[in-house]
$ cat coords.cif   # mmCIF, C-alpha atoms
data_input
loop_
_atom_site.group_PDB
_atom_site.id
_atom_site.type_symbol
_atom_site.label_atom_id
_atom_site.label_comp_id
_atom_site.auth_asym_id
_atom_site.auth_seq_id
_atom_site.Cartn_x
_atom_site.Cartn_y
_atom_site.Cartn_z
ATOM 1 C CA MET F 1 44.876 35.464 25.490
ATOM 2 C CA ASN F 2 43.500 37.236 22.477
ATOM 3 C CA LEU F 3 40.301 39.022 23.395
ATOM 4 C CA ARG F 4 38.869 38.833 19.919
ATOM 5 C CA ARG F 5 36.953 35.617 20.236
ATOM 6 C CA ASP F 6 34.969 35.008 17.134
ATOM 7 C CA VAL F 7 33.238 31.767 16.227
ATOM 8 C CA PHE F 8 35.854 30.666 13.743
ATOM 9 C CA GLN F 9 38.622 31.029 16.285
ATOM 10 C CA ALA F 10 36.519 28.986 18.662
ATOM 11 C CA ILE F 11 36.075 26.042 16.346
ATOM 12 C CA ALA F 12 39.724 26.024 15.233
ATOM 13 C CA ASP F 13 40.565 23.897 18.273
ATOM 14 C CA PRO F 14 39.855 20.137 17.997
ATOM 15 C CA THR F 15 38.820 19.783 21.656
ATOM 16 C CA ARG F 16 36.303 22.583 21.276
ATOM 17 C CA ARG F 17 34.901 20.970 18.143
ATOM 18 C CA ALA F 18 34.556 17.703 20.058
ATOM 19 C CA ILE F 19 32.758 19.536 22.888
ATOM 20 C CA LEU F 20 30.305 21.056 20.388
ATOM 21 C CA LEU F 21 29.531 17.624 18.949
ATOM 22 C CA LEU F 22 28.953 16.182 22.392
ATOM 23 C CA VAL F 23 26.644 18.985 23.447
ATOM 24 C CA ALA F 24 24.850 18.912 20.082
ATOM 25 C CA ALA F 25 23.478 15.498 21.030
ATOM 26 C CA GLN F 26 22.245 16.599 24.466
ATOM 27 C CA SER F 27 22.787 19.420 26.919
ATOM 28 C CA MET F 28 25.345 18.518 29.585
ATOM 29 C CA THR F 29 26.948 19.814 32.738
ATOM 30 C CA ALA F 30 30.608 20.874 32.729
ATOM 31 C CA GLY F 31 31.456 17.782 34.750
ATOM 32 C CA ALA F 32 29.755 15.424 32.296
ATOM 33 C CA ILE F 33 31.546 17.091 29.403
ATOM 34 C CA ALA F 34 34.933 16.931 31.144
ATOM 35 C CA ALA F 35 34.424 13.211 31.872
ATOM 36 C CA ASN F 36 34.675 12.607 28.121
ATOM 37 C CA PHE F 37 38.197 13.987 27.887
ATOM 38 C CA ASP F 38 41.588 13.055 29.240
ATOM 39 C CA THR F 39 42.486 16.751 29.576
ATOM 40 C CA ALA F 40 42.512 18.347 33.023
ATOM 41 C CA ARG F 41 39.185 19.711 34.228
ATOM 42 C CA PRO F 42 40.360 23.385 34.297
ATOM 43 C CA THR F 43 41.415 23.087 30.647
ATOM 44 C CA VAL F 44 37.940 21.876 29.700
ATOM 45 C CA SER F 45 36.448 24.733 31.752
ATOM 46 C CA LYS F 46 38.516 27.211 29.791
ATOM 47 C CA HIS F 47 37.275 25.734 26.505
ATOM 48 C CA LEU F 48 33.686 26.005 27.759
ATOM 49 C CA GLN F 49 34.326 29.609 28.734
ATOM 50 C CA ILE F 50 35.548 30.436 25.230
ATOM 51 C CA LEU F 51 32.633 28.627 23.550
ATOM 52 C CA THR F 52 30.195 30.469 25.805
ATOM 53 C CA ALA F 53 31.910 33.835 25.257
ATOM 54 C CA CYS F 54 31.411 33.587 21.516
ATOM 55 C CA GLU F 55 27.814 32.340 22.024
ATOM 56 C CA LEU F 56 28.213 28.900 20.447
ATOM 57 C CA LEU F 57 27.176 27.444 23.804
ATOM 58 C CA LYS F 58 24.519 28.731 26.157
ATOM 59 C CA GLN F 59 24.334 28.137 29.873
ATOM 60 C CA GLU F 60 21.096 27.139 31.523
ATOM 61 C CA GLN F 61 20.505 26.957 35.243
ATOM 62 C CA ASN F 62 18.858 23.651 36.085
ATOM 63 C CA GLY F 63 18.302 23.487 39.830
ATOM 64 C CA ARG F 64 21.761 23.555 41.334
ATOM 65 C CA GLU F 65 23.390 22.485 38.081
ATOM 66 C CA ILE F 66 24.421 24.479 35.046
ATOM 67 C CA HIS F 67 23.781 22.779 31.745
ATOM 68 C CA TYR F 68 25.486 23.736 28.537
ATOM 69 C CA HIS F 69 23.569 23.532 25.294
ATOM 70 C CA ILE F 70 24.156 24.417 21.662
ATOM 71 C CA ASN F 71 23.141 27.817 20.353
ATOM 72 C CA ALA F 72 21.797 26.627 16.992
ATOM 73 C CA LYS F 73 21.395 30.149 15.635
ATOM 74 C CA LYS F 74 25.066 30.899 16.078
ATOM 75 C CA MET F 75 26.099 27.473 14.815
ATOM 76 C CA LYS F 76 24.483 28.291 11.482
ATOM 77 C CA GLN F 77 27.176 30.921 10.967
ATOM 78 C CA VAL F 78 29.795 28.220 11.233
ATOM 79 C CA ALA F 79 28.309 25.463 9.172
ATOM 80 C CA ASP F 80 26.443 26.672 6.145
ATOM 81 C CA PHE F 81 23.649 24.169 6.371
ATOM 82 C CA ILE F 82 23.256 23.876 2.603
ATOM 83 C CA GLU F 83 26.853 22.719 2.081
ATOM 84 C CA PRO F 84 26.324 19.044 3.085
ATOM 85 C CA PHE F 85 23.294 18.920 0.758
ATOM 86 C CA ARG F 86 25.416 20.303 -2.088
ATOM 87 C CA LYS F 87 28.200 17.861 -1.253
ATOM 88 C CA MET F 88 25.738 14.957 -1.397
ATOM 89 C CA TRP F 89 24.723 15.903 -4.944
ATOM 90 C CA GLU F 90 28.315 16.633 -5.931
ATOM 91 C CA ASP F 91 29.360 13.108 -4.874
ATOM 92 C CA ARG F 92 26.386 11.574 -6.674
ATOM 93 C CA PHE F 93 27.087 13.485 -9.913
ATOM 94 C CA ASN F 94 30.815 12.676 -9.719
ATOM 95 C CA LYS F 95 29.896 9.025 -9.560
ATOM 96 C CA LEU F 96 27.554 9.396 -12.535
ATOM 97 C CA GLU F 97 30.351 11.072 -14.500
ATOM 98 C CA THR F 98 32.884 8.352 -13.668
ATOM 99 C CA ILE F 99 30.474 5.553 -14.569
ATOM 100 C CA MET F 100 29.483 7.138 -17.876
ATOM 101 C CA LYS F 101 33.105 7.831 -18.844
ATOM 102 C CA LYS F 102 33.823 4.157 -18.401
ATOM 103 C CA TYR F 103 30.667 3.329 -20.346
ATOM 104 C CA LYS F 104 31.880 5.535 -23.189
ATOM 105 C CA SER F 105 35.251 3.795 -23.437
ATOM 106 C CA GLU F 106 33.782 0.317 -23.336
ATOM 107 C CA MET X 107 38.739 20.924 -6.268
ATOM 108 C CA GLU X 108 36.415 23.037 -8.330
ATOM 109 C CA ARG X 109 32.834 23.159 -7.164
ATOM 110 C CA LYS X 110 30.939 21.862 -10.146
ATOM 111 C CA THR X 111 27.551 21.498 -8.514
ATOM 112 C CA LYS X 112 25.610 24.639 -7.674
ATOM 113 C CA ILE X 113 22.540 24.856 -5.483
ATOM 114 C CA ASN X 114 20.231 27.804 -5.698
ATOM 115 C CA ALA X 115 17.768 27.839 -2.796
ATOM 116 C CA GLU X 116 16.278 31.216 -1.990
ATOM 117 C CA ASP X 117 15.011 31.938 1.505
ATOM 118 C CA GLY X 118 11.320 31.379 2.075
ATOM 119 C CA LYS X 119 10.666 29.597 -1.228
ATOM 120 C CA GLN X 120 9.395 26.063 -1.730
ATOM 121 C CA ASP X 121 11.664 25.174 -4.632
ATOM 122 C CA LEU X 122 15.336 24.905 -5.442
ATOM 123 C CA VAL X 123 17.580 24.526 -8.451
ATOM 124 C CA ILE X 124 20.560 22.187 -8.776
ATOM 125 C CA ILE X 125 22.923 22.883 -11.669
ATOM 126 C CA ARG X 126 25.814 20.741 -12.792
ATOM 127 C CA GLU X 127 28.106 20.667 -15.811
ATOM 128 C CA PHE X 128 29.443 17.285 -16.902
ATOM 129 C CA ASP X 129 32.483 16.193 -18.898
ATOM 130 C CA LEU X 130 30.134 13.972 -20.859
ATOM 131 C CA PRO X 131 28.382 14.200 -24.216
ATOM 132 C CA LEU X 132 24.701 15.037 -23.836
ATOM 133 C CA GLU X 133 23.583 11.546 -24.964
ATOM 134 C CA LEU X 134 25.590 9.832 -22.239
ATOM 135 C CA LEU X 135 24.328 12.178 -19.535
ATOM 136 C CA PHE X 136 20.738 11.528 -20.562
ATOM 137 C CA LYS X 137 21.334 7.782 -20.721
ATOM 138 C CA ALA X 138 22.395 7.856 -17.072
ATOM 139 C CA TYR X 139 18.815 8.917 -16.233
ATOM 140 C CA ALA X 140 17.005 6.664 -18.670
ATOM 141 C CA GLU X 141 18.580 3.215 -18.244
ATOM 142 C CA PRO X 142 17.650 1.344 -15.043
ATOM 143 C CA GLU X 143 20.953 -0.538 -14.730
ATOM 144 C CA ILE X 144 22.920 2.725 -14.977
ATOM 145 C CA VAL X 145 20.663 4.617 -12.536
ATOM 146 C CA GLU X 146 21.239 1.754 -10.103
ATOM 147 C CA GLN X 147 25.002 2.243 -10.246
ATOM 148 C CA TRP X 148 25.274 5.963 -9.566
ATOM 149 C CA MET X 149 22.234 6.351 -7.282
ATOM 150 C CA GLY X 150 23.388 3.397 -5.193
ATOM 151 C CA THR X 151 19.879 2.004 -4.956
ATOM 152 C CA LYS X 152 18.077 -0.964 -6.474
ATOM 153 C CA VAL X 153 15.775 0.034 -9.323
ATOM 154 C CA LEU X 154 12.711 -2.181 -9.083
ATOM 155 C CA LYS X 155 11.039 -0.499 -12.005
ATOM 156 C CA LEU X 156 11.807 2.354 -14.399
ATOM 157 C CA GLU X 157 9.565 2.975 -17.395
ATOM 158 C CA SER X 158 11.282 5.794 -19.224
ATOM 159 C CA LYS X 159 8.291 7.132 -21.136
ATOM 160 C CA LYS X 160 5.353 9.512 -20.733
ATOM 161 C CA HIS X 161 2.982 8.178 -18.044
ATOM 162 C CA GLY X 162 5.622 5.636 -17.020
ATOM 163 C CA SER X 163 6.482 5.061 -13.395
ATOM 164 C CA TYR X 164 9.475 4.055 -11.312
ATOM 165 C CA GLN X 165 10.348 2.471 -7.972
ATOM 166 C CA PHE X 166 13.639 2.538 -6.077
ATOM 167 C CA GLU X 167 14.520 0.460 -3.032
ATOM 168 C CA THR X 168 17.660 0.225 -0.897
ATOM 169 C CA THR X 169 18.274 -2.491 1.656
ATOM 170 C CA ASP X 170 21.027 -2.737 4.269
ATOM 171 C CA THR X 171 23.313 -5.760 4.618
ATOM 172 C CA LYS X 172 20.684 -7.505 6.761
ATOM 173 C CA GLY X 173 18.029 -7.115 4.096
ATOM 174 C CA ASN X 174 16.045 -4.393 5.880
ATOM 175 C CA VAL X 175 14.565 -1.742 3.600
ATOM 176 C CA VAL X 176 16.189 1.586 4.494
ATOM 177 C CA PHE X 177 15.012 3.677 1.561
ATOM 178 C CA LYS X 178 12.011 3.359 -0.738
ATOM 179 C CA ALA X 179 10.981 5.905 -3.328
ATOM 180 C CA ASN X 180 8.616 6.092 -6.282
ATOM 181 C CA GLY X 181 7.177 8.450 -8.804
ATOM 182 C CA VAL X 182 5.540 8.904 -12.192
ATOM 183 C CA ILE X 183 6.971 10.381 -15.361
ATOM 184 C CA HIS X 184 5.008 13.204 -16.936
ATOM 185 C CA GLU X 185 7.342 14.072 -19.770
ATOM 186 C CA PHE X 186 10.149 12.107 -21.347
ATOM 187 C CA SER X 187 11.876 13.892 -24.227
ATOM 188 C CA PRO X 188 15.177 12.112 -25.043
ATOM 189 C CA ASN X 189 18.279 14.292 -24.637
ATOM 190 C CA ARG X 190 16.151 17.244 -23.650
ATOM 191 C CA LYS X 191 13.780 17.007 -20.731
ATOM 192 C CA ILE X 192 12.268 14.792 -18.021
ATOM 193 C CA ILE X 193 9.448 15.849 -15.723
ATOM 194 C CA ARG X 194 8.607 13.462 -12.918
ATOM 195 C CA THR X 195 7.319 13.265 -9.378
ATOM 196 C CA PHE X 196 9.434 11.874 -6.558
ATOM 197 C CA GLU X 197 8.222 10.569 -3.231
ATOM 198 C CA MET X 198 10.241 9.030 -0.408
ATOM 199 C CA GLU X 199 7.924 6.503 1.181
ATOM 200 C CA ASN X 200 7.220 6.528 4.932
ATOM 201 C CA THR X 201 8.672 10.009 5.421
ATOM 202 C CA PRO X 202 6.990 13.356 6.141
ATOM 203 C CA PHE X 203 8.606 14.995 3.104
ATOM 204 C CA GLY X 204 5.659 14.741 0.756
ATOM 205 C CA VAL X 205 5.765 14.528 -3.027
ATOM 206 C CA GLN X 206 8.127 16.685 -5.003
ATOM 207 C CA LEU X 207 7.940 17.694 -8.649
ATOM 208 C CA GLU X 208 11.234 17.445 -10.535
ATOM 209 C CA VAL X 209 11.981 19.125 -13.860
ATOM 210 C CA TYR X 210 15.228 17.983 -15.472
ATOM 211 C CA GLU X 211 16.586 19.945 -18.408
ATOM 212 C CA PHE X 212 19.513 18.517 -20.340
ATOM 213 C CA GLU X 213 21.621 20.775 -22.506
ATOM 214 C CA GLN X 214 24.562 20.231 -24.820
ATOM 215 C CA LEU X 215 27.486 22.587 -24.200
ATOM 216 C CA THR X 216 30.120 21.170 -26.557
ATOM 217 C CA ASP X 217 30.524 17.757 -28.219
ATOM 218 C CA ASP X 218 32.013 16.421 -24.973
ATOM 219 C CA THR X 219 30.332 18.489 -22.298
ATOM 220 C CA SER X 220 26.764 18.918 -21.138
ATOM 221 C CA LYS X 221 24.702 20.583 -18.455
ATOM 222 C CA LEU X 222 21.889 19.471 -16.190
ATOM 223 C CA ASN X 223 19.415 21.913 -14.719
ATOM 224 C CA MET X 224 17.277 20.255 -12.052
ATOM 225 C CA HIS X 225 14.343 22.241 -10.697
ATOM 226 C CA VAL X 226 12.681 20.698 -7.640
ATOM 227 C CA ILE X 227 9.372 21.987 -6.279
ATOM 228 C CA TYR X 228 8.265 20.856 -2.813
ATOM 229 C CA GLU X 229 4.804 20.911 -1.247
ATOM 230 C CA SER X 230 5.822 23.587 1.264
ATOM 231 C CA VAL X 231 8.686 25.852 2.333
ATOM 232 C CA ALA X 232 9.019 23.859 5.565
ATOM 233 C CA GLN X 233 9.398 20.564 3.706
ATOM 234 C CA ARG X 234 12.047 22.007 1.411
ATOM 235 C CA ASP X 235 14.042 23.382 4.337
ATOM 236 C CA GLN X 236 13.740 20.109 6.224
ATOM 237 C CA LEU X 237 15.111 18.135 3.261
ATOM 238 C CA LEU X 238 17.895 20.662 2.746
ATOM 239 C CA GLN X 239 18.992 20.216 6.338
ATOM 240 C CA LEU X 240 18.834 16.432 6.314
ATOM 241 C CA PRO X 241 22.426 15.803 5.140
ATOM 242 C CA PHE X 242 23.655 18.451 7.596
ATOM 243 C CA ALA X 243 21.887 16.750 10.500
ATOM 244 C CA GLN X 244 23.151 13.340 9.373
ATOM 245 C CA GLY X 245 26.685 14.751 9.130
ATOM 246 C CA ILE X 246 26.532 15.981 12.725
ATOM 247 C CA ASN X 247 25.166 12.619 13.789
ATOM 248 C CA MET X 248 27.826 10.640 11.960
ATOM 249 C CA ALA X 249 30.586 12.844 13.340
ATOM 250 C CA HIS X 250 29.107 12.334 16.768
ATOM 251 C CA ASN X 251 28.926 8.556 16.333
ATOM 252 C CA ARG X 252 32.559 8.477 15.222
ATOM 253 C CA LEU X 253 33.500 10.557 18.220
ATOM 254 C CA GLN X 254 31.544 8.229 20.459
ATOM 255 C CA GLU X 255 33.427 5.229 19.021
ATOM 256 C CA ILE X 256 36.751 6.901 19.682
ATOM 257 C CA LEU X 257 35.701 7.823 23.202
ATOM 258 C CA ASN X 258 34.546 4.259 23.845
ATOM 259 C CA THR X 259 37.973 2.909 22.947
ATOM 260 C CA LEU X 260 39.542 5.334 25.444
ATOM 261 C CA LYS X 261 37.413 4.171 28.360
#
$ encode --input "coords.cif" --output "C-alpha cells"
Amino acid sequence: MNLRRDVFQAIADPTRRAILLLVAAQSMTAGAIAANFDTARPTVSKHLQILTACELLKQEQNGREIHYHINAKKMKQVADFIEPFRKMWEDRFNKLETIMKKYKSE
Amino acid sequence: MERKTKINAEDGKQDLVIIREFDLPLELLFKAYAEPEIVEQWMGTKVLKLESKKHGSYQFETTDTKGNVVFKANGVIHEFSPNRKIIRTFEMENTPFGVQLEVYEFEQLTDDTSKLNMHVIYESVAQRDQLLQLPFAQGINMAHNRLQEILNTLK
C-alpha cells in the first residue's frame, strides 16, 4: 500500500467517510464501529488504521477499551468550514434570482 | 458552476462581508428585499411584518408541518434608501447569537445586472464564528442522519 497517507486520500474511500460520520457523533470502540458495516472486521480495522495514521481519528484508552474519536483540528483541513455557509447563501440568492426573473417576465 | 457568492470573513474579526452579483436589474434586486410577499418566497419564511421605511420593523416566522415554530427573527430598519441602501438589525429569537447589524448596499452594474454587498457585524468574534459554523455542523448532522437511516434499513 502507498505509504503517503494524506487526509484527502483517506476520505476518498466511502467506508472511511462513513466511519468519520459515525465517530463524529460520538467516540466509539473498533467493535462498535465495525458493527455498523457489513464488511469483515479486519477490513474495518484497516480503515481505522489509515484514518488514525493520517490523524483524522485519535485513539483514547478508556479502561480496557480503546475509543476512537474525531480529531476536529485535522478535519478542518478537509472541510473548509465556511463552505456550507457560503453554499447556504448561494442557494438563497439563486432562488431570489429565479423568482425575480419570473417576476420580470410576468 | 461558477461561484457567484463570495464570503469574506477574516480570522479574529467580528464581521463578515457577503458579495453577490445578480442577473437582474437593480430595481428588481432591491424589490426582492422591500416587498414582504417576495421576501417570503426566496427566504422560505413567513413574513409577519415588514415596514420598509426608516424606523420600520420586521418579523419573520417559520413553522414546520405540525405548526411548531422552528425559526423566529426580528429587527428594525435604520436606513431605507430605495435602490441604494438598507441598514437594519437582525436577531434570531431564542438563540445565543445576539443581535447583528446588517448593511446592504445595492449597486447597478449594467442595465440587466446588479450587485449586492452585505456587511454583517456581530456582537463578538465568538458569535460570528459560531454562526459561520452552523451550516457546517448541520451538514454533518444531516449526513449522519441519512447514514443512520440507511444503516437502519440494513439491520
$ resolve_selection --input "coords.cif" --expression "the PyMOL selection byres ((chain F) within 6 of (chain X))" --output "compact mmCIF listing (two decimals) with C-alpha atoms, in the coordinates of the input"
# COMPACT_ATOMS: atom_id res chain seq x y z
CA LEU F 21 29.53 17.62 18.95
CA PHE F 81 23.65 24.17 6.37
CA PRO F 84 26.32 19.04 3.08
CA PHE F 85 23.29 18.92 0.76
CA GLU F 90 28.32 16.63 -5.93
CA LYS F 95 29.90 9.02 -9.56
CA LEU F 96 27.55 9.40 -12.54
$ closest_residue --input "coords.cif" --among "F:Ile50, F:Met100, F:Ile70, F:Ile82" --to "Ala12 of chain F" --atoms "only C-alpha atoms"
F:Ile50
$ atom_distance --input "coords.cif" --atom1 "atom CA of Gln206 of chain X" --atom2 "atom CA of Gln236 of chain X"
13.0 Å
$ axis_aligned_box --input "coords.cif" --around "segment 43-52 of chain F" --padding-each-side "3 Å" --output "lines of an AutoDock Vina configuration file"
center_x = 35.8
center_y = 26.2
center_z = 27.7
size_x = 17.2
size_y = 14.6
size_z = 14.2
$ atom_distance --input "coords.cif" --atom1 "atom CA of Asn71 of chain F" --atom2 "atom CA of Gln233 of chain X"
22.8 Å
